[in-house]
Every structure is written in structure tokens, then in C-alpha cells.
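Asker: Contents of model-v4.txt (compact mmCIF, C-alpha atoms) are given next:
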# COMPACT_ATOMS: atom_id res chain seq x y z
CA MET U 51 35.39 42.97 78.55
CA SER U 52 35.35 45.28 81.56
CA PRO U 53 36.65 48.84 81.27
CA LEU U 54 39.42 50.05 83.53
CA THR U 55 39.11 52.89 85.95
CA PRO U 56 41.53 55.84 85.71
CA GLN U 57 43.34 54.39 88.72
CA ALA U 58 43.91 51.17 86.78
CA VAL U 59 46.07 53.05 84.29
CA THR U 60 48.80 53.12 86.90
CA LYS U 61 48.97 49.31 86.97
CA ASP U 62 52.13 47.75 85.64
CA ARG U 63 50.19 45.65 83.12
CA VAL U 64 46.87 45.71 81.31
CA GLN U 65 45.30 42.27 81.11
CA PRO U 66 44.24 40.86 77.71
CA GLY U 67 40.73 42.00 76.80
CA GLU U 68 40.77 45.09 79.04
CA THR U 69 40.26 48.60 77.71
CA ILE U 70 41.30 51.84 79.33
CA GLU U 71 38.35 54.20 79.77
CA ASP U 72 37.64 57.38 81.70
CA GLU U 73 33.93 58.15 82.12
CA GLY U 74 33.04 56.20 79.01
CA ARG U 75 35.80 57.64 76.83
CA VAL U 76 38.28 55.18 75.25
CA TYR U 77 41.87 56.43 75.11
CA ALA U 78 42.35 55.97 71.36
CA VAL U 79 44.88 58.08 69.44
CA ARG U 80 43.18 59.37 66.29
CA SER U 81 46.38 59.75 64.29
CA ILE U 82 47.33 56.12 64.98
CA GLU U 83 43.83 54.99 64.01
CA ARG U 84 44.28 56.78 60.70
CA VAL U 85 47.65 55.13 60.09
CA VAL U 86 46.06 51.75 60.80
CA SER U 87 43.25 52.54 58.33
CA VAL U 88 45.80 53.41 55.66
CA LEU U 89 47.87 50.29 56.25
CA ASN U 90 44.80 48.06 56.28
CA LEU U 91 43.74 49.51 52.93
CA LEU U 92 47.20 48.97 51.43
CA GLN U 93 47.50 45.45 52.85
CA GLU U 94 44.29 44.44 51.08
CA SER U 95 45.55 45.61 47.69
CA ILE U 96 48.15 44.02 45.43
CA ASP U 97 47.86 46.53 42.57
CA GLY U 98 48.02 49.61 44.79
CA VAL U 99 45.62 52.42 45.74
CA THR U 100 45.21 56.07 44.81
CA LEU U 101 45.82 59.06 47.04
CA LYS U 102 42.07 59.74 47.06
CA GLU U 103 41.34 56.19 48.26
CA VAL U 104 43.83 56.66 51.09
CA ALA U 105 42.35 60.05 52.01
CA ASP U 106 38.84 58.58 52.06
CA ALA U 107 39.87 55.56 54.16
CA ALA U 108 41.60 57.77 56.75
CA ASP U 109 38.99 60.56 56.61
CA LEU U 110 41.67 63.10 55.73
CA PRO U 111 42.20 65.86 53.16
CA LYS U 112 44.44 64.75 50.30
CA SER U 113 47.26 67.01 51.49
CA SER U 114 47.23 65.42 54.96
CA ALA U 115 46.93 61.91 53.52
CA PHE U 116 49.98 62.59 51.37
CA ARG U 117 52.01 63.62 54.43
CA TYR U 118 51.04 60.38 56.16
CA LEU U 119 52.09 58.37 53.10
CA TRP U 120 55.34 60.31 52.71
CA THR U 121 56.26 59.59 56.34
CA LEU U 122 55.45 55.90 55.98
CA GLU U 123 57.39 55.74 52.71
CA LYS U 124 60.51 57.13 54.38
CA SER U 125 60.40 54.16 56.76
CA ARG U 126 59.77 51.67 53.91
CA TYR U 127 56.24 50.81 55.11
CA VAL U 128 54.74 52.31 51.96
CA GLU U 129 55.98 52.39 48.37
CA ARG U 130 54.80 54.56 45.48
CA ASP U 131 54.86 53.31 41.90
CA THR U 132 56.52 56.11 39.95
CA ASP U 133 54.75 55.11 36.71
CA SER U 134 51.18 54.70 37.93
CA GLY U 135 51.36 56.92 41.03
CA LEU U 136 49.66 54.20 43.07
CA PHE U 137 50.63 53.45 46.65
CA ARG U 138 51.16 49.94 48.00
CA ILE U 139 52.46 48.20 51.09
CA GLY U 140 56.20 48.58 51.46
CA LEU U 141 59.05 46.19 52.11
CA GLY U 142 59.07 47.08 55.78
CA PHE U 143 56.17 44.63 56.11
CA LEU U 144 57.34 42.03 53.63
CA GLY U 145 59.10 39.63 55.97
CA MET U 146 59.42 35.92 55.44
CA GLN U 147 55.91 35.28 56.80
CA SER U 148 54.17 38.01 54.81
CA ARG U 149 51.01 36.89 53.07
CA HIS U 150 52.28 38.30 49.78
CA THR U 151 55.68 36.63 49.85
CA GLU U 152 54.23 33.33 51.03
CA VAL U 153 51.76 33.31 48.15
CA LEU U 154 54.60 34.12 45.76
CA ARG U 155 56.73 31.29 47.17
CA GLU U 156 53.88 28.83 46.82
CA ARG U 157 53.22 29.92 43.24
CA VAL U 158 56.88 29.80 42.20
CA ARG U 159 58.13 26.69 43.97
CA PRO U 160 56.73 24.10 41.47
CA SER U 161 58.40 25.99 38.62
CA LEU U 162 61.70 26.11 40.49
CA GLU U 163 61.50 22.35 41.12
CA ARG U 164 60.80 21.59 37.46
CA LEU U 165 63.67 23.83 36.39
CA ARG U 166 66.02 22.13 38.84
CA ASP U 167 65.00 18.71 37.56
CA ASP U 168 65.40 19.76 33.91
CA LEU U 169 68.72 21.57 34.35
CA ASP U 170 70.11 19.72 37.34
CA GLU U 171 71.27 23.04 38.75
CA THR U 172 70.17 25.18 41.69
CA THR U 173 67.17 27.46 41.17
CA ASN U 174 66.31 30.52 43.27
CA LEU U 175 63.58 33.04 44.07
CA GLY U 176 64.85 36.39 45.32
CA LEU U 177 63.22 39.57 46.61
CA LEU U 178 64.55 43.06 47.26
CA ASP U 179 64.81 43.49 51.03
CA GLY U 180 66.19 46.84 52.04
CA HIS U 181 69.31 47.33 49.93
CA HIS U 182 70.03 43.61 49.53
CA VAL U 183 68.42 40.60 47.89
CA ILE U 184 66.88 38.00 50.19
CA TYR U 185 66.50 34.39 49.06
CA LEU U 186 62.85 33.47 49.56
CA GLU U 187 63.22 29.99 48.08
CA ILE U 188 66.10 27.80 46.94
CA ILE U 189 65.81 24.42 45.23
CA GLU U 190 69.29 22.95 45.33
CA SER U 191 70.93 20.93 42.61
CA ARG U 192 71.32 17.25 43.47
CA ARG U 193 74.91 17.31 42.26
CA SER U 194 77.63 16.98 44.88
CA VAL U 195 79.34 20.15 43.60
CA ARG U 196 76.76 22.94 43.32
CA LEU U 197 76.32 26.65 43.81
CA ALA U 198 73.68 27.42 46.44
CA ALA U 199 72.97 29.96 49.15
CA SER U 200 70.57 29.35 52.04
CA ARG U 201 66.96 30.42 52.24
CA GLY U 202 66.60 33.66 54.19
CA THR U 203 70.16 34.83 53.58
CA HIS U 204 71.03 38.08 51.83
CA ASP U 205 73.32 38.86 48.91
CA PRO U 206 74.38 42.21 47.43
CA LEU U 207 72.30 43.97 44.81
CA HIS U 208 75.26 44.99 42.67
CA SER U 209 77.08 41.67 42.29
CA THR U 210 74.24 39.18 41.77
CA ALA U 211 72.08 38.33 38.77
CA LEU U 212 69.00 38.46 41.00
CA GLY U 213 69.96 41.95 42.16
CA LYS U 214 70.53 43.19 38.62
CA ALA U 215 67.26 41.70 37.34
CA ILE U 216 65.34 43.47 40.11
CA ALA U 217 67.27 46.76 39.97
CA ALA U 218 66.80 47.01 36.19
CA HIS U 219 63.10 47.71 36.81
CA LEU U 220 63.51 50.25 39.60
CA PRO U 221 63.73 54.02 39.05
CA GLU U 222 67.32 55.17 38.58
CA ASP U 223 67.24 57.47 41.60
CA ARG U 224 66.09 54.53 43.74
CA VAL U 225 68.94 52.38 42.42
CA ARG U 226 71.46 55.11 43.20
CA GLU U 227 70.03 55.41 46.71
CA LEU U 228 70.28 51.65 47.31
CA LEU U 229 73.86 51.52 46.05
CA SER U 230 74.77 54.49 48.24
CA GLU U 231 73.32 52.76 51.30
CA ALA U 232 74.97 49.39 50.67
CA GLY U 233 78.15 50.40 48.91
CA MET U 234 79.63 48.41 46.04
CA PRO U 235 82.38 46.30 47.57
CA SER U 236 84.46 44.10 45.30
CA ARG U 237 83.39 40.48 45.86
CA THR U 238 85.68 39.16 43.14
CA ALA U 239 87.97 40.57 40.50
CA GLU U 240 84.95 40.73 38.15
CA THR U 241 82.58 42.68 40.42
CA ILE U 242 81.16 45.93 39.07
CA THR U 243 82.13 48.63 41.56
CA SER U 244 81.20 51.80 39.65
CA VAL U 245 77.68 53.25 39.76
CA ASP U 246 77.87 54.38 36.13
CA ASP U 247 79.07 50.97 34.98
CA TYR U 248 76.29 49.33 36.97
CA LEU U 249 73.64 51.57 35.43
CA ALA U 250 75.02 50.69 32.00
CA GLU U 251 74.75 47.02 32.96
CA LEU U 252 71.11 47.53 33.93
CA ALA U 253 70.40 49.06 30.53
CA LYS U 254 71.81 45.88 29.00
CA VAL U 255 69.60 43.78 31.28
CA ARG U 256 66.51 45.66 30.10
CA ARG U 257 67.55 45.21 26.49
CA LEU U 258 68.21 41.46 26.78
CA GLY U 259 65.46 40.66 29.27
CA TYR U 260 67.81 38.85 31.65
CA ALA U 261 70.77 39.51 33.96
CA VAL U 262 74.03 37.60 34.38
CA ASP U 263 76.42 37.28 37.30
CA ASN U 264 79.57 36.14 35.55
CA ARG U 265 81.90 35.28 38.47
CA GLU U 266 81.00 38.62 40.09
CA ASN U 267 79.65 37.32 43.41
CA GLU U 268 81.60 34.05 43.68
CA PRO U 269 84.92 33.53 41.86
CA ASP U 270 83.83 30.17 40.43
CA GLY U 271 80.11 30.85 40.05
CA ARG U 272 77.81 31.91 37.25
CA CYS U 273 74.14 32.85 37.52
CA VAL U 274 71.35 34.05 35.22
CA ALA U 275 68.17 35.78 36.44
CA VAL U 276 64.99 37.32 35.08
CA PRO U 277 62.49 39.64 36.80
CA ILE U 278 58.98 38.52 37.73
CA LEU U 279 56.89 41.31 36.22
CA GLY U 280 53.44 39.82 36.85
CA THR U 281 53.42 40.96 40.47
CA ARG U 282 53.98 44.24 42.27
CA LEU U 283 56.84 42.70 44.23
CA PRO U 284 60.49 43.42 43.30
CA ALA U 285 61.32 39.75 42.72
CA ALA U 286 63.28 37.60 40.30
CA LEU U 287 64.06 33.97 39.40
CA SER U 288 67.54 32.62 38.79
CA VAL U 289 69.60 29.55 38.01
CA SER U 290 73.09 29.27 39.50
CA ALA U 291 75.90 26.81 38.91
CA PRO U 292 79.69 26.46 38.96
CA GLU U 293 80.99 28.36 35.95
CA ALA U 294 83.00 25.36 34.76
CA ARG U 295 79.81 23.56 33.68
CA PHE U 296 77.57 26.58 33.02
CA SER U 297 78.86 28.19 29.83
CA MET U 298 77.64 31.51 28.48
CA ARG U 299 75.86 29.57 25.72
CA ASP U 300 74.05 27.63 28.46
CA VAL U 301 73.26 30.93 30.16
CA GLU U 302 71.52 32.31 27.05
CA LYS U 303 69.50 29.12 26.60
CA THR U 304 68.53 29.04 30.28
CA ALA U 305 67.55 32.71 30.17
CA ARG U 306 64.97 32.01 27.46
CA THR U 307 63.45 29.29 29.63
CA LEU U 308 63.41 31.56 32.70
CA ILE U 309 61.71 34.37 30.76
CA GLU U 310 58.97 31.95 29.69
CA VAL U 311 58.50 30.68 33.25
CA ALA U 312 58.49 34.15 34.81
CA GLY U 313 55.94 35.35 32.26
CA GLN U 314 53.45 32.79 33.60
CA ILE U 315 53.71 33.97 37.23
CA THR U 316 51.08 36.45 38.37
CA LEU U 317 49.45 37.40 41.65
CA SER U 318 45.94 38.79 42.04
CA PRO U 319 44.27 40.28 45.12
CA THR U 320 41.97 37.26 45.47
CA GLU U 321 44.97 34.94 45.74
CA THR U 322 46.24 36.76 48.81
CA ALA U 323 42.95 37.01 50.63
Please rewrite the model in this file as C-alpha cells.

Answerer:
Amino acid sequence: MSPLTPQAVTKDRVQPGETIEDEGRVYAVRSIERVVSVLNLLQESIDGVTLKEVADAADLPKSSAFRYLWTLEKSRYVERDTDSGLFRIGLGFLGMQSRHTEVLRERVRPSLERLRDDLDETTNLGLLDGHHVIYLEIIESRRSVRLAASRGTHDPLHSTALGKAIAAHLPEDRVRELLSEAGMPSRTAETITSVDDYLAELAKVRRLGYAVDNRENEPDGRCVAVPILGTRLPAALSVSAPEARFSMRDVEKTARTLIEVAGQITLSPTETA
């Protein structure tokens, strides 16, 4: 690797492997190096890190480290767990190819396939992405008439069972913020369009342990979902089907199965290395 002269800085392009130096000094921006140190630390952790760990990694006072984290959090690159106070990588980095989401998909897929085979209905893995739910994995029913989205597509938080299952375990102020950003449009005649009614619905989800979309997102669809609590990701599993063959009694029975399956799903730092 050969350093560039000051005159080389005026070139249109820097070739791969070249560094920009002036009398032995590399033009590195210290603040950016510190941000990179913080993000590298967070990326390596599933459970989250303390403010002190961030300050140490970036060689900053705690007050300065907090300002860095606050700025990154505003752009969704960092999240703070309101219960533990730990910081972790945010959804701004959790795209479809993220190490964390890929590990989650690999862990969950066999369970989704078994559920599909047992129930003969579509099974789904969803993740909070911005103010919507993104479908990370979908195992479609083999029936000719089925209820299924497409992997990578988004659905609303307020009208889906996946969205409710995830939102039920977020802080209330965060839920209000997400609903304010996305709105609560009426998808069907059954859609919940009031924030207060939605918060009451989330309380019910926490009490029962599962969420139901009862013709709220699709006029002829019904879906049941449960959160995956063994990871730090805002994710959930669901089963969806045409409401004509998926009765509320079936929903309750399926929910018990989903709760059992979700309880067996965990992620550890070593699994994402």
C-alpha cells in the first residue's frame, strides 16, 4: 500500500488500497473512528452493552459517550432497553442480510415448516422494521386457497397479529411514536383505528400471551401470533389462514402451540459470531 501525496488528494478517485497521507499523517476523523468503535462493540453483542463499556471502547467520558449513543438512537442505529438500560445495535442495521436476522431465520425455519405441515396453513416470521412489520420468512400452505404475504414485504403494525405481538412488548411511548409515524388507516371494517383501543388490545395480548388479527388486515383472513422473547430482536411467529376454516377455537389451540415453539427459540452471541 503506497501513501498518496497531498497533490493526489485532488484526483477524482482514490484507488483501492491507497491511503491519503501528508508527511506521514493519515487523514482519519477521530469522531468517526469513535462511532465505528461503538458500532463494532454493539454489533458483537446480542444482549447489549453498558454505557461504561461504550465509553471505554470509544475512549470517551460517559457524558460524551451518551451523546454519541443518543444521536445514533435518533437515527435507529442504536436501541436502548428501557428495562435493563443496555444499548444494542438498532434496526437501522437489521436488513434482510443482517447476521442477526439471518441466524434467526435459520433457527426458526424448521419450526415454521413443521407447523405448516401439522396445520396445513401458512406460517410466518416477522420483525419490526421502522414502523411496520417485515416478513423475514414465510412457509406457505400447500392448499390452493391460502392466506400468504411475500417474504420481504411489509404490513402495518396496528392491523396484524404479528404487529400486535411485537408491540405488546415495546414501551408504550415507543408504540405511540410508531403509530403516530405510520398512522392507523382502516384496512377493513374490523381494523382498530384508535390509539387507546389499540393499547387496550395490547394489554389483552400480554394477558393471553398471544395476539389475533380477526379480519383486521384482510377481510377474509384470520391470524394468530406470539412474540419471540428469547432474543433481543422485536420478532414474532404467526399462523395465518382464511377465516372460513380458521375458527377462533382453532386460533386458541394454535396459539398454545406457537407459545411452546417460540419459548424454545433463543439466540446467543456465539451463534452470531

Asker: What gap, in Å, lies between atom CA of Gly202 of chain U and atom CA of Gly280 of chain U?

Answerer: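 Result for atom CA of Gly202 of chain U versus atom CA of Gly280 of chain U: 22.6 Å, one decimal.
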
Asker: How many Å lie between atom CA of Glu293 of chain U and atom CA of Arg166 of chain U, rounded to one decimal?

Answerer: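 If I compute the distance from atom CA of Glu293 of chain U to atom CA of Arg166 of chain U, I get 16.5 Å.
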
Asker: Using all atoms listed in the file, pick whichever of U:Ser209, U:Thr316, U:Ser290, U:Thr173 has the shortest atom-to-atom distance to Glu251 of chain U.

Answerer: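 Checking each candidate against Glu251 of chain U, we get U:Ser209 as the closest.
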
Asker: Grab the atom CA of Ile278 of chain U to atom CA of Phe116 of chain U distance for me, in Å with one decimal place.

Answerer: 29.1 Å

Asker: Taking (45.2, 52.4, 47.2) in the file's coordinates, which residues come within 9 Å, counting all atoms listed in the file, written as a PyMOL selection string?

Answerer: chain U and resi 88+91-92+94-95+97-104+136-138

Asker: Return the single residue from U:Glu187, U:Asp205, U:Glu231, U:Asp168 that is closest to Glu156 of chain U, with distances computed using all atoms listed in the file.

Answerer: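 The answer is U:Glu187, which sits nearest to Glu156 of chain U.
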
Asker: When you count all atoms listed in the file, which of these residues is closest to Lys303 of chain U: U:Asn267, U:Ser134, U:Ala275, U:Ala286?

Answerer: U:Ala275

Asker: Which protein, DNA or RNA residues are at most 9 Å from (71.4, 49.1, 34.5) in the file's coordinates when you count all atoms listed in the file, listed as a PyMOL selection string?

Answerer: chain U and resi 214-215+217-219+222+225+246-256

Asker: Excluding Pro235 of chain U and residues on its chain fewer than 4 positions from it, collect all residues at most 12 Å away from it, counting only C-alpha atoms, and give them as JSON, numbers by chain.

Answerer: {"U": [205, 206, 207, 208, 209, 229, 230, 231, 239, 240, 241, 242, 243, 244, 245, 266, 267]}

Asker: At a cut-off of 10 Å, using only C-alpha atoms, what residues contact Arg157 of chain U? Leave out same-chain residues fewer than 4 positions from it and give the result as a list in words.

Answerer: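 Contacts, in chain order: Thr151, Glu152, Val153, Ser161, Leu162, Ile315, Thr316, Leu317 and Glu321 of chain U.
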
Asker: Select, from U:Val86, U:Ala261, U:Leu186, U:Ala285, the residue with the minimum atom-to-atom distance to Ser200 of chain U, counting all atoms listed in the file.

Answerer: U:Leu186

Asker: Rank U:Thr307, U:Ile216, U:Thr172, U:Arg201 by their smallest atom-to-atom distance to Arg272 of chain U, using only C-alpha atoms, and report the top residue only.

Answerer: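 Looking at the shortest contact to Arg272 of chain U, the residue is U:Thr172.
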
Asker: Which residue gives the smallest distance to Gln314 of chain U among U:Leu228, U:Leu279, U:Met234, U:Ala291, with only C-alpha atoms counted?

Answerer: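 Among the listed residues, the smallest separation from Gln314 of chain U belongs to U:Leu279.
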
Asker: List the spatial neighbours of Val85 of chain U as a list in words - criterion: any atom at most 10 Å away, only C-alpha atoms, same-chain residues fewer than 6 positions off excluded.

Answerer: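 Those residues are Leu91, Val104, Ala107, Ala108, Ala115, Tyr118, Leu119 and Leu122 of chain U.
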
Asker: Just the residues within 8 Å of Leu308 of chain U, please, counting all atoms listed in the file, with nothing from its chain fewer than 5 positions along; format it as a ChimeraX atom specification.

Answerer: /U:275-276,287-288

Asker: Deliver the residues from the most recent selection as a file, using C-alpha atoms, as a compact mmCIF listing (two decimals), in the coordinates of the input.

Answerer:
# COMPACT_ATOMS: atom_id res chain seq x y z
CA ALA U 275 68.17 35.78 36.44
CA VAL U 276 64.99 37.32 35.08
CA LEU U 287 64.06 33.97 39.40
CA SER U 288 67.54 32.62 38.79
